[in-house]
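structure_24.txt follows; it contains compact mmCIF, N, CA and C atoms.
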# COMPACT_ATOMS: atom_id res chain seq x y z
N GLY N 1 82.60 106.80 77.54
CA GLY N 1 83.60 105.84 77.17
C GLY N 1 84.56 106.41 76.16
N GLU N 2 85.56 105.63 75.85
CA GLU N 2 86.58 106.05 74.90
C GLU N 2 86.16 105.60 73.51
N GLN N 3 86.24 106.50 72.54
CA GLN N 3 85.86 106.20 71.17
C GLN N 3 87.03 106.55 70.27
N GLY N 4 87.81 105.54 69.87
CA GLY N 4 88.95 105.80 69.01
C GLY N 4 89.96 106.74 69.65
N GLY N 5 90.22 106.56 70.94
CA GLY N 5 91.19 107.43 71.62
C GLY N 5 90.60 108.71 72.14
N ARG N 6 89.28 108.90 71.98
CA ARG N 6 88.62 110.13 72.44
C ARG N 6 87.55 109.78 73.47
N PHE N 7 87.31 110.69 74.38
CA PHE N 7 86.29 110.48 75.41
C PHE N 7 85.04 111.26 75.04
N ASP N 8 83.89 110.69 75.34
CA ASP N 8 82.61 111.35 75.12
C ASP N 8 82.42 112.37 76.25
N ILE N 9 82.28 113.64 75.91
CA ILE N 9 82.19 114.71 76.89
C ILE N 9 81.00 114.53 77.83
N ASN N 10 79.90 114.00 77.31
CA ASN N 10 78.72 113.79 78.15
C ASN N 10 78.99 112.77 79.25
N GLU N 11 79.74 111.72 78.94
CA GLU N 11 80.08 110.72 79.96
C GLU N 11 81.05 111.29 80.99
N VAL N 12 82.00 112.08 80.52
CA VAL N 12 82.96 112.70 81.45
C VAL N 12 82.24 113.63 82.41
N VAL N 13 81.37 114.51 81.87
CA VAL N 13 80.63 115.45 82.71
C VAL N 13 79.69 114.69 83.64
N GLY N 14 79.04 113.65 83.13
CA GLY N 14 78.15 112.84 83.96
C GLY N 14 78.87 112.22 85.14
N GLY N 15 80.09 111.75 84.91
CA GLY N 15 80.89 111.18 85.99
C GLY N 15 81.25 112.20 87.04
N ILE N 16 81.59 113.41 86.60
CA ILE N 16 81.93 114.49 87.53
C ILE N 16 80.70 114.88 88.35
N VAL N 17 79.56 115.00 87.70
CA VAL N 17 78.32 115.34 88.41
C VAL N 17 77.98 114.27 89.44
N ALA N 18 78.08 113.01 89.05
CA ALA N 18 77.77 111.91 89.98
C ALA N 18 78.68 111.97 91.21
N LYS N 19 79.96 112.25 90.99
CA LYS N 19 80.90 112.33 92.11
C LYS N 19 80.56 113.52 93.02
N LEU N 20 80.23 114.66 92.45
CA LEU N 20 79.86 115.84 93.25
C LEU N 20 78.62 115.56 94.10
N VAL N 21 77.60 114.95 93.51
CA VAL N 21 76.38 114.65 94.23
C VAL N 21 76.65 113.65 95.35
N ALA N 22 77.43 112.61 95.06
CA ALA N 22 77.73 111.58 96.06
C ALA N 22 78.53 112.14 97.23
N ARG N 23 79.45 113.05 96.96
CA ARG N 23 80.31 113.57 98.02
C ARG N 23 79.70 114.75 98.77
N HIS N 24 78.62 115.33 98.22
CA HIS N 24 77.99 116.50 98.85
C HIS N 24 76.47 116.34 98.90
N PRO N 25 75.98 115.26 99.53
CA PRO N 25 74.54 115.00 99.53
C PRO N 25 73.72 116.08 100.22
N TYR N 26 74.31 116.79 101.17
CA TYR N 26 73.60 117.86 101.89
C TYR N 26 73.36 119.07 101.00
N VAL N 27 74.07 119.15 99.88
CA VAL N 27 73.85 120.25 98.92
C VAL N 27 72.77 119.86 97.92
N PHE N 28 72.77 118.60 97.51
CA PHE N 28 71.90 118.16 96.42
C PHE N 28 70.68 117.36 96.87
N SER N 29 70.47 117.20 98.19
CA SER N 29 69.29 116.49 98.69
C SER N 29 68.89 117.09 100.03
N ASP N 30 68.03 116.38 100.74
CA ASP N 30 67.52 116.87 102.03
C ASP N 30 68.41 116.49 103.21
N GLU N 31 69.54 115.85 102.96
CA GLU N 31 70.42 115.42 104.05
C GLU N 31 70.89 116.64 104.85
N GLU N 32 70.98 116.45 106.18
CA GLU N 32 71.44 117.54 107.04
C GLU N 32 72.90 117.87 106.79
N VAL N 33 73.24 119.14 106.94
CA VAL N 33 74.63 119.57 106.77
C VAL N 33 75.42 119.07 107.97
N PRO N 34 76.51 118.31 107.72
CA PRO N 34 77.31 117.79 108.84
C PRO N 34 78.02 118.93 109.57
N GLU N 35 78.28 118.69 110.85
CA GLU N 35 78.97 119.70 111.66
C GLU N 35 80.38 119.94 111.14
N ASP N 36 81.09 118.87 110.77
CA ASP N 36 82.45 118.96 110.25
C ASP N 36 82.44 118.54 108.79
N LEU N 37 82.33 119.51 107.88
CA LEU N 37 82.22 119.23 106.45
C LEU N 37 83.42 118.47 105.92
N ASP N 38 84.63 118.87 106.34
CA ASP N 38 85.85 118.21 105.84
C ASP N 38 85.88 116.74 106.25
N ALA N 39 85.58 116.46 107.51
CA ALA N 39 85.61 115.09 108.00
C ALA N 39 84.55 114.24 107.29
N ALA N 40 83.36 114.81 107.07
CA ALA N 40 82.29 114.08 106.40
C ALA N 40 82.69 113.76 104.96
N TRP N 41 83.29 114.72 104.28
CA TRP N 41 83.72 114.52 102.89
C TRP N 41 84.80 113.44 102.83
N GLU N 42 85.77 113.51 103.73
CA GLU N 42 86.84 112.52 103.78
C GLU N 42 86.29 111.12 104.05
N ALA N 43 85.31 111.02 104.94
CA ALA N 43 84.72 109.72 105.26
C ALA N 43 84.00 109.13 104.05
N ARG N 44 83.23 109.95 103.32
CA ARG N 44 82.55 109.45 102.12
C ARG N 44 83.56 109.03 101.06
N LYS N 45 84.62 109.82 100.89
CA LYS N 45 85.66 109.49 99.91
C LYS N 45 86.35 108.17 100.28
N ALA N 46 86.68 108.00 101.56
CA ALA N 46 87.35 106.77 102.02
C ALA N 46 86.45 105.56 101.79
N ALA N 47 85.14 105.71 102.05
CA ALA N 47 84.22 104.59 101.87
C ALA N 47 84.14 104.18 100.40
N VAL N 48 84.05 105.16 99.50
CA VAL N 48 83.97 104.86 98.07
C VAL N 48 85.24 104.17 97.59
N LYS N 49 86.39 104.62 98.08
CA LYS N 49 87.66 104.06 97.64
C LYS N 49 88.05 102.80 98.42
N GLY N 50 87.24 102.42 99.41
CA GLY N 50 87.52 101.21 100.18
C GLY N 50 88.72 101.35 101.09
N ARG N 51 88.99 102.56 101.53
CA ARG N 51 90.15 102.79 102.40
C ARG N 51 89.80 102.48 103.84
N THR N 52 90.70 101.76 104.51
CA THR N 52 90.48 101.41 105.90
C THR N 52 91.46 102.14 106.82
N SER N 53 92.46 102.78 106.25
CA SER N 53 93.46 103.50 107.02
C SER N 53 93.55 104.93 106.52
N SER N 54 93.85 105.84 107.42
CA SER N 54 94.04 107.24 107.02
C SER N 54 95.22 107.42 106.07
N LEU N 55 96.12 106.43 106.05
CA LEU N 55 97.31 106.53 105.21
C LEU N 55 97.10 105.92 103.82
N ASP N 56 96.01 105.17 103.62
CA ASP N 56 95.75 104.57 102.30
C ASP N 56 95.68 105.66 101.24
N GLY N 57 96.33 105.40 100.13
CA GLY N 57 96.29 106.32 99.00
C GLY N 57 97.36 107.39 99.02
N ILE N 58 98.21 107.41 100.04
CA ILE N 58 99.32 108.37 100.07
C ILE N 58 100.55 107.63 99.56
N ALA N 59 101.07 108.07 98.44
CA ALA N 59 102.19 107.38 97.79
C ALA N 59 103.45 107.44 98.64
N TYR N 60 104.04 106.27 98.86
CA TYR N 60 105.30 106.21 99.60
C TYR N 60 106.43 106.84 98.79
N SER N 61 106.25 106.92 97.47
CA SER N 61 107.30 107.45 96.59
C SER N 61 107.43 108.97 96.68
N LEU N 62 106.49 109.65 97.33
CA LEU N 62 106.62 111.09 97.51
C LEU N 62 107.87 111.40 98.33
N SER N 63 108.36 112.61 98.20
CA SER N 63 109.48 113.01 99.07
C SER N 63 108.99 112.92 100.51
N SER N 64 109.91 112.78 101.44
CA SER N 64 109.50 112.62 102.83
C SER N 64 108.73 113.84 103.33
N VAL N 65 109.09 115.02 102.87
CA VAL N 65 108.38 116.23 103.30
C VAL N 65 106.97 116.26 102.69
N ALA N 66 106.84 115.98 101.39
CA ALA N 66 105.53 115.99 100.74
C ALA N 66 104.62 114.92 101.36
N ARG N 67 105.19 113.76 101.65
CA ARG N 67 104.40 112.68 102.28
C ARG N 67 103.96 113.11 103.68
N SER N 68 104.84 113.74 104.43
CA SER N 68 104.51 114.21 105.77
C SER N 68 103.37 115.22 105.74
N VAL N 69 103.41 116.12 104.76
CA VAL N 69 102.35 117.12 104.62
C VAL N 69 101.00 116.42 104.41
N LYS N 70 100.97 115.41 103.54
CA LYS N 70 99.72 114.68 103.27
C LYS N 70 99.27 113.90 104.50
N VAL N 71 100.20 113.26 105.20
CA VAL N 71 99.85 112.48 106.39
C VAL N 71 99.27 113.41 107.47
N ILE N 72 99.89 114.55 107.69
CA ILE N 72 99.42 115.50 108.70
C ILE N 72 98.05 116.05 108.31
N SER N 73 97.88 116.36 107.03
CA SER N 73 96.59 116.86 106.56
C SER N 73 95.49 115.83 106.80
N ARG N 74 95.76 114.57 106.49
CA ARG N 74 94.77 113.51 106.73
C ARG N 74 94.48 113.38 108.22
N ALA N 75 95.52 113.43 109.04
CA ALA N 75 95.32 113.31 110.49
C ALA N 75 94.42 114.43 111.00
N ARG N 76 94.63 115.64 110.50
CA ARG N 76 93.80 116.77 110.93
C ARG N 76 92.35 116.62 110.46
N THR N 77 92.15 116.28 109.19
CA THR N 77 90.78 116.22 108.65
C THR N 77 90.01 115.01 109.12
N ARG N 78 90.69 113.96 109.56
CA ARG N 78 89.99 112.75 110.01
C ARG N 78 89.95 112.64 111.53
N GLY N 79 90.45 113.67 112.21
CA GLY N 79 90.36 113.68 113.66
C GLY N 79 91.15 112.57 114.33
N VAL N 80 92.29 112.20 113.74
CA VAL N 80 93.15 111.18 114.34
C VAL N 80 93.68 111.73 115.67
N GLY N 81 93.64 110.91 116.70
CA GLY N 81 94.01 111.36 118.04
C GLY N 81 95.50 111.50 118.29
N VAL N 82 96.15 112.35 117.54
CA VAL N 82 97.57 112.64 117.78
C VAL N 82 97.73 114.14 117.97
N LYS N 83 98.65 114.53 118.82
CA LYS N 83 98.89 115.95 119.06
C LYS N 83 99.75 116.49 117.93
N LEU N 84 99.24 117.50 117.24
CA LEU N 84 99.97 118.13 116.15
C LEU N 84 100.17 119.61 116.46
N ALA N 85 101.40 120.07 116.27
CA ALA N 85 101.69 121.48 116.50
C ALA N 85 100.83 122.34 115.57
N ASP N 86 100.40 123.50 116.06
CA ASP N 86 99.62 124.39 115.21
C ASP N 86 99.97 125.86 115.42
N GLU N 87 101.10 126.10 116.08
CA GLU N 87 101.52 127.49 116.28
C GLU N 87 101.93 128.07 114.93
N PRO N 88 101.56 129.32 114.65
CA PRO N 88 101.91 129.95 113.37
C PRO N 88 103.43 130.04 113.19
N ILE N 89 103.86 129.94 111.95
CA ILE N 89 105.28 130.04 111.60
C ILE N 89 105.37 130.61 110.19
N THR N 90 106.39 131.39 109.92
CA THR N 90 106.56 131.96 108.59
C THR N 90 107.31 130.98 107.69
N ALA N 91 107.27 131.23 106.39
CA ALA N 91 108.00 130.39 105.44
C ALA N 91 109.50 130.47 105.72
N ALA N 92 110.00 131.67 106.03
CA ALA N 92 111.43 131.84 106.31
C ALA N 92 111.84 131.05 107.56
N GLU N 93 111.01 131.10 108.60
CA GLU N 93 111.30 130.33 109.83
C GLU N 93 111.27 128.83 109.54
N THR N 94 110.30 128.39 108.75
CA THR N 94 110.19 126.98 108.41
C THR N 94 111.45 126.51 107.70
N GLY N 95 111.85 127.24 106.68
CA GLY N 95 113.06 126.87 105.94
C GLY N 95 114.29 126.86 106.83
N GLY N 96 114.43 127.87 107.66
CA GLY N 96 115.59 127.95 108.56
C GLY N 96 115.63 126.80 109.55
N GLN N 97 114.48 126.48 110.15
CA GLN N 97 114.45 125.39 111.12
C GLN N 97 114.68 124.04 110.46
N LEU N 98 114.12 123.85 109.26
CA LEU N 98 114.37 122.60 108.54
C LEU N 98 115.85 122.45 108.22
N LEU N 99 116.46 123.51 107.72
CA LEU N 99 117.89 123.48 107.38
C LEU N 99 118.74 123.18 108.61
N THR N 100 118.40 123.80 109.73
CA THR N 100 119.14 123.56 110.98
C THR N 100 119.00 122.10 111.42
N LEU N 101 117.79 121.56 111.39
CA LEU N 101 117.58 120.17 111.79
C LEU N 101 118.31 119.20 110.87
N ILE N 102 118.27 119.46 109.57
CA ILE N 102 118.96 118.59 108.62
C ILE N 102 120.46 118.65 108.83
N ALA N 103 120.99 119.84 109.08
CA ALA N 103 122.43 119.98 109.33
C ALA N 103 122.83 119.25 110.61
N ARG N 104 122.02 119.37 111.66
CA ARG N 104 122.31 118.67 112.92
C ARG N 104 122.27 117.16 112.71
N ALA N 105 121.27 116.69 111.96
CA ALA N 105 121.16 115.26 111.69
C ALA N 105 122.38 114.77 110.93
N GLN N 106 122.77 115.49 109.90
CA GLN N 106 123.93 115.11 109.08
C GLN N 106 125.19 115.07 109.93
N ALA N 107 125.38 116.05 110.79
CA ALA N 107 126.56 116.09 111.66
C ALA N 107 126.57 114.93 112.65
N SER N 108 125.40 114.39 112.93
CA SER N 108 125.27 113.27 113.87
C SER N 108 125.21 111.92 113.17
N GLY N 109 125.34 111.92 111.85
CA GLY N 109 125.30 110.67 111.10
C GLY N 109 123.89 110.12 110.90
N VAL N 110 122.89 110.97 111.05
CA VAL N 110 121.49 110.56 110.90
C VAL N 110 121.00 110.93 109.51
N ASP N 111 120.34 110.00 108.83
CA ASP N 111 119.72 110.26 107.54
C ASP N 111 118.38 110.94 107.83
N ALA N 112 118.33 112.27 107.67
CA ALA N 112 117.14 113.04 108.02
C ALA N 112 115.92 112.59 107.23
N ASP N 113 116.11 112.28 105.94
CA ASP N 113 115.00 111.84 105.11
C ASP N 113 114.41 110.55 105.65
N GLN N 114 115.26 109.58 105.97
CA GLN N 114 114.78 108.29 106.50
C GLN N 114 114.18 108.47 107.87
N ALA N 115 114.78 109.33 108.69
CA ALA N 115 114.24 109.56 110.04
C ALA N 115 112.82 110.09 109.95
N LEU N 116 112.54 110.98 109.00
CA LEU N 116 111.20 111.52 108.82
C LEU N 116 110.25 110.45 108.31
N ARG N 117 110.71 109.63 107.36
CA ARG N 117 109.88 108.53 106.84
C ARG N 117 109.53 107.53 107.94
N ASP N 118 110.45 107.31 108.87
CA ASP N 118 110.23 106.33 109.93
C ASP N 118 109.23 106.79 110.99
N ARG N 119 108.92 108.07 111.02
CA ARG N 119 107.95 108.59 112.00
C ARG N 119 106.60 108.16 111.60
Turn the structure described in the file into structure tokens.
Amino acid sequence: GEQGGRFDINEVVGGIVAKLVARHPYVFSDEEVPEDLDAAWEARKAAVKGRTSSLDGIAYSLSSVARSVKVISRARTRGVGVKLADEPITAAETGGQLLTLIARAQASGVDADQALRDR
């Protein structure tokens, strides 16, 4: 707890240990190791936080690109049934293609940021 604006280190460490044990029971007990560690971890985290949607907890206030990265990451780790591109691409190609798409959208009167948010 907090004591005059300060936290007790034992309580902080205890909370971290409890979270590690709860999220990784196959490490700290006899539970079998899940086939998909990422999906199992995400499922336990969602249950603790009371999340019912893969999008719960992703701030809408993030930039459209940062939000998209989080949404795609959740979709991949939770096995959401959507087709996601996975062909390798370099940082330079990514930047170039994004710039080209944004320029085309602007020339067409499309708000690229809103178009991405609407997906």
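DSSP annotation of chain N from backbone atoms: strand (DSSP E or B) residues are Glu2, Gln3, Arg6 and Phe7 of chain N.
Relative to atom N of Gln114 of chain N, atom CA of Val69 of chain N is found at 15.0 Å.
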Which of chain N fall in helix (DSSP H, G or I), as a VMD selection string: chain N and resid 9 to 23 25 to 28 37 to 49 64 to 77 91 to 107 112 to 118
Pick the closest to Asp118 of chain N from N:Val12, N:Thr100, N:Arg67, N:Asp86: which is it, counting only C-alpha atoms?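 So, comparing all the options, the nearest one is N:Arg67.
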Neighbours of segment 88-98 of chain N within 12 Å (only C-alpha atoms; same-chain residues fewer than 6 positions away dropped), as a tab-separated table (two decimals) with N, CA and C atoms, in the coordinates of the input?
chain	number	residue	atom	x	y	z
N	65	VAL	N	109.09	115.02	102.87
N	65	VAL	CA	108.38	116.23	103.30
N	65	VAL	C	106.97	116.26	102.69
N	104	ARG	N	122.02	119.37	111.66
N	104	ARG	CA	122.31	118.67	112.92
N	104	ARG	C	122.27	117.16	112.71
N	105	ALA	N	121.27	116.69	111.96
N	105	ALA	CA	121.16	115.26	111.69
N	105	ALA	C	122.38	114.77	110.93
N	112	ALA	N	118.33	112.27	107.67
N	112	ALA	CA	117.14	113.04	108.02
N	112	ALA	C	115.92	112.59	107.23
N	113	ASP	N	116.11	112.28	105.94
N	113	ASP	CA	115.00	111.84	105.11
N	113	ASP	C	114.41	110.55	105.65
N	116	LEU	N	112.54	110.98	109.00
N	116	LEU	CA	111.20	111.52	108.82
N	116	LEU	C	110.25	110.45	108.31
Separation of atom CA of Ala103 of chain N and atom CA of Ala66 of chain N, in Å?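 Calculated distance between atom CA of Ala103 of chain N and atom CA of Ala66 of chain N is 19.4 Å.
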Distance in Å - atom CA of Ala18 of chain N versus atom N of Asp30 of chain N: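 Atom N of Asp30 of chain N lies at a distance of 15.2 Å from atom CA of Ala18 of chain N.
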For segment 65-98 of chain N against segment 40-45 of chain N, with a cut-off of 10 Å and counting only C-alpha atoms, what is the closest atom pair and its distance in Å to one decimal for every residue that makes the cut, ordered by chain and number, as a Markdown table?
| residue | atom | partner | partner_atom | distance |
| --- | --- | --- | --- | --- |
| N:Arg74 | CA | N:Glu42 | CA | 8.5 |
| N:Thr77 | CA | N:Glu42 | CA | 7.3 |
| N:Arg78 | CA | N:Glu42 | CA | 7.0 |
Save segment 59-83 of chain N to disk from that block, N, CA, C and O atoms included, as a PDB file, in the first residue's frame.
ATOM      1  N   ALA N  59      -6.781   1.786 -26.705  1.00  0.00           N
ATOM      2  CA  ALA N  59      -7.240   3.177 -26.651  1.00  0.00           C
ATOM      3  C   ALA N  59      -7.573   3.713 -28.036  1.00  0.00           C
ATOM      4  O   ALA N  59      -6.768   3.612 -28.957  1.00  0.00           O
ATOM      5  N   TYR N  60      -8.776   4.271 -28.160  1.00  0.00           N
ATOM      6  CA  TYR N  60      -9.174   4.883 -29.430  1.00  0.00           C
ATOM      7  C   TYR N  60      -8.352   6.142 -29.695  1.00  0.00           C
ATOM      8  O   TYR N  60      -8.200   6.566 -30.826  1.00  0.00           O
ATOM      9  N   SER N  61      -7.782   6.724 -28.641  1.00  0.00           N
ATOM     10  CA  SER N  61      -7.021   7.967 -28.781  1.00  0.00           C
ATOM     11  C   SER N  61      -5.653   7.760 -29.421  1.00  0.00           C
ATOM     12  O   SER N  61      -4.990   8.736 -29.784  1.00  0.00           O
ATOM     13  N   LEU N  62      -5.214   6.518 -29.584  1.00  0.00           N
ATOM     14  CA  LEU N  62      -3.946   6.262 -30.267  1.00  0.00           C
ATOM     15  C   LEU N  62      -4.033   6.759 -31.711  1.00  0.00           C
ATOM     16  O   LEU N  62      -5.123   6.855 -32.273  1.00  0.00           O
ATOM     17  N   SER N  63      -2.888   7.017 -32.305  1.00  0.00           N
ATOM     18  CA  SER N  63      -2.901   7.360 -33.732  1.00  0.00           C
ATOM     19  C   SER N  63      -3.494   6.174 -34.484  1.00  0.00           C
ATOM     20  O   SER N  63      -3.487   5.045 -33.990  1.00  0.00           O
ATOM     21  N   SER N  64      -4.018   6.424 -35.662  1.00  0.00           N
ATOM     22  CA  SER N  64      -4.660   5.341 -36.401  1.00  0.00           C
ATOM     23  C   SER N  64      -3.673   4.221 -36.722  1.00  0.00           C
ATOM     24  O   SER N  64      -4.037   3.046 -36.689  1.00  0.00           O
ATOM     25  N   VAL N  65      -2.423   4.562 -36.977  1.00  0.00           N
ATOM     26  CA  VAL N  65      -1.422   3.531 -37.280  1.00  0.00           C
ATOM     27  C   VAL N  65      -1.092   2.731 -36.017  1.00  0.00           C
ATOM     28  O   VAL N  65      -1.077   1.496 -36.042  1.00  0.00           O
ATOM     29  N   ALA N  66      -0.861   3.411 -34.883  1.00  0.00           N
ATOM     30  CA  ALA N  66      -0.544   2.707 -33.637  1.00  0.00           C
ATOM     31  C   ALA N  66      -1.711   1.815 -33.214  1.00  0.00           C
ATOM     32  O   ALA N  66      -1.516   0.677 -32.774  1.00  0.00           O
ATOM     33  N   ARG N  67      -2.928   2.314 -33.375  1.00  0.00           N
ATOM     34  CA  ARG N  67      -4.112   1.515 -33.024  1.00  0.00           C
ATOM     35  C   ARG N  67      -4.209   0.293 -33.942  1.00  0.00           C
ATOM     36  O   ARG N  67      -4.494  -0.816 -33.480  1.00  0.00           O
ATOM     37  N   SER N  68      -3.952   0.482 -35.220  1.00  0.00           N
ATOM     38  CA  SER N  68      -4.000  -0.629 -36.172  1.00  0.00           C
ATOM     39  C   SER N  68      -2.983  -1.704 -35.821  1.00  0.00           C
ATOM     40  O   SER N  68      -3.275  -2.903 -35.902  1.00  0.00           O
ATOM     41  N   VAL N  69      -1.789  -1.284 -35.413  1.00  0.00           N
ATOM     42  CA  VAL N  69      -0.750  -2.241 -35.019  1.00  0.00           C
ATOM     43  C   VAL N  69      -1.249  -3.090 -33.849  1.00  0.00           C
ATOM     44  O   VAL N  69      -1.109  -4.312 -33.837  1.00  0.00           O
ATOM     45  N   LYS N  70      -1.860  -2.446 -32.843  1.00  0.00           N
ATOM     46  CA  LYS N  70      -2.374  -3.177 -31.679  1.00  0.00           C
ATOM     47  C   LYS N  70      -3.521  -4.101 -32.064  1.00  0.00           C
ATOM     48  O   LYS N  70      -3.597  -5.242 -31.600  1.00  0.00           O
ATOM     49  N   VAL N  71      -4.430  -3.626 -32.909  1.00  0.00           N
ATOM     50  CA  VAL N  71      -5.570  -4.444 -33.333  1.00  0.00           C
ATOM     51  C   VAL N  71      -5.074  -5.679 -34.096  1.00  0.00           C
ATOM     52  O   VAL N  71      -5.526  -6.803 -33.837  1.00  0.00           O
ATOM     53  N   ILE N  72      -4.137  -5.495 -35.002  1.00  0.00           N
ATOM     54  CA  ILE N  72      -3.603  -6.615 -35.784  1.00  0.00           C
ATOM     55  C   ILE N  72      -2.874  -7.595 -34.874  1.00  0.00           C
ATOM     56  O   ILE N  72      -3.026  -8.815 -35.007  1.00  0.00           O
ATOM     57  N   SER N  73      -2.104  -7.077 -33.932  1.00  0.00           N
ATOM     58  CA  SER N  73      -1.392  -7.940 -32.993  1.00  0.00           C
ATOM     59  C   SER N  73      -2.374  -8.788 -32.191  1.00  0.00           C
ATOM     60  O   SER N  73      -2.191  -9.997 -32.031  1.00  0.00           O
ATOM     61  N   ARG N  74      -3.447  -8.173 -31.701  1.00  0.00           N
ATOM     62  CA  ARG N  74      -4.463  -8.919 -30.949  1.00  0.00           C
ATOM     63  C   ARG N  74      -5.112  -9.968 -31.840  1.00  0.00           C
ATOM     64  O   ARG N  74      -5.373 -11.093 -31.399  1.00  0.00           O
ATOM     65  N   ALA N  75      -5.427  -9.597 -33.072  1.00  0.00           N
ATOM     66  CA  ALA N  75      -6.066 -10.547 -33.989  1.00  0.00           C
ATOM     67  C   ALA N  75      -5.169 -11.763 -34.208  1.00  0.00           C
ATOM     68  O   ALA N  75      -5.644 -12.904 -34.212  1.00  0.00           O
ATOM     69  N   ARG N  76      -3.874 -11.523 -34.361  1.00  0.00           N
ATOM     70  CA  ARG N  76      -2.936 -12.638 -34.567  1.00  0.00           C
ATOM     71  C   ARG N  76      -2.822 -13.513 -33.320  1.00  0.00           C
ATOM     72  O   ARG N  76      -2.861 -14.738 -33.410  1.00  0.00           O
ATOM     73  N   THR N  77      -2.660 -12.908 -32.146  1.00  0.00           N
ATOM     74  CA  THR N  77      -2.435 -13.698 -30.932  1.00  0.00           C
ATOM     75  C   THR N  77      -3.693 -14.373 -30.428  1.00  0.00           C
ATOM     76  O   THR N  77      -3.608 -15.362 -29.711  1.00  0.00           O
ATOM     77  N   ARG N  78      -4.862 -13.881 -30.799  1.00  0.00           N
ATOM     78  CA  ARG N  78      -6.111 -14.488 -30.327  1.00  0.00           C
ATOM     79  C   ARG N  78      -6.778 -15.357 -31.380  1.00  0.00           C
ATOM     80  O   ARG N  78      -7.884 -15.841 -31.186  1.00  0.00           O
ATOM     81  N   GLY N  79      -6.102 -15.520 -32.524  1.00  0.00           N
ATOM     82  CA  GLY N  79      -6.627 -16.405 -33.547  1.00  0.00           C
ATOM     83  C   GLY N  79      -7.942 -15.952 -34.140  1.00  0.00           C
ATOM     84  O   GLY N  79      -8.776 -16.773 -34.495  1.00  0.00           O
ATOM     85  N   VAL N  80      -8.134 -14.628 -34.252  1.00  0.00           N
ATOM     86  CA  VAL N  80      -9.354 -14.094 -34.858  1.00  0.00           C
ATOM     87  C   VAL N  80      -9.362 -14.505 -36.332  1.00  0.00           C
ATOM     88  O   VAL N  80      -8.344 -14.400 -37.013  1.00  0.00           O
ATOM     89  N   GLY N  81     -10.500 -14.968 -36.804  1.00  0.00           N
ATOM     90  CA  GLY N  81     -10.598 -15.506 -38.157  1.00  0.00           C
ATOM     91  C   GLY N  81     -10.650 -14.467 -39.259  1.00  0.00           C
ATOM     92  O   GLY N  81     -11.638 -14.390 -39.976  1.00  0.00           O
ATOM     93  N   VAL N  82      -9.615 -13.664 -39.373  1.00  0.00           N
ATOM     94  CA  VAL N  82      -9.510 -12.705 -40.476  1.00  0.00           C
ATOM     95  C   VAL N  82      -8.198 -12.948 -41.202  1.00  0.00           C
ATOM     96  O   VAL N  82      -7.199 -13.335 -40.593  1.00  0.00           O
ATOM     97  N   LYS N  83      -8.211 -12.750 -42.502  1.00  0.00           N
ATOM     98  CA  LYS N  83      -6.993 -12.935 -43.294  1.00  0.00           C
ATOM     99  C   LYS N  83      -6.118 -11.705 -43.137  1.00  0.00           C
ATOM    100  O   LYS N  83      -6.555 -10.589 -43.420  1.00  0.00           O
TER     101      LYS N  83
END
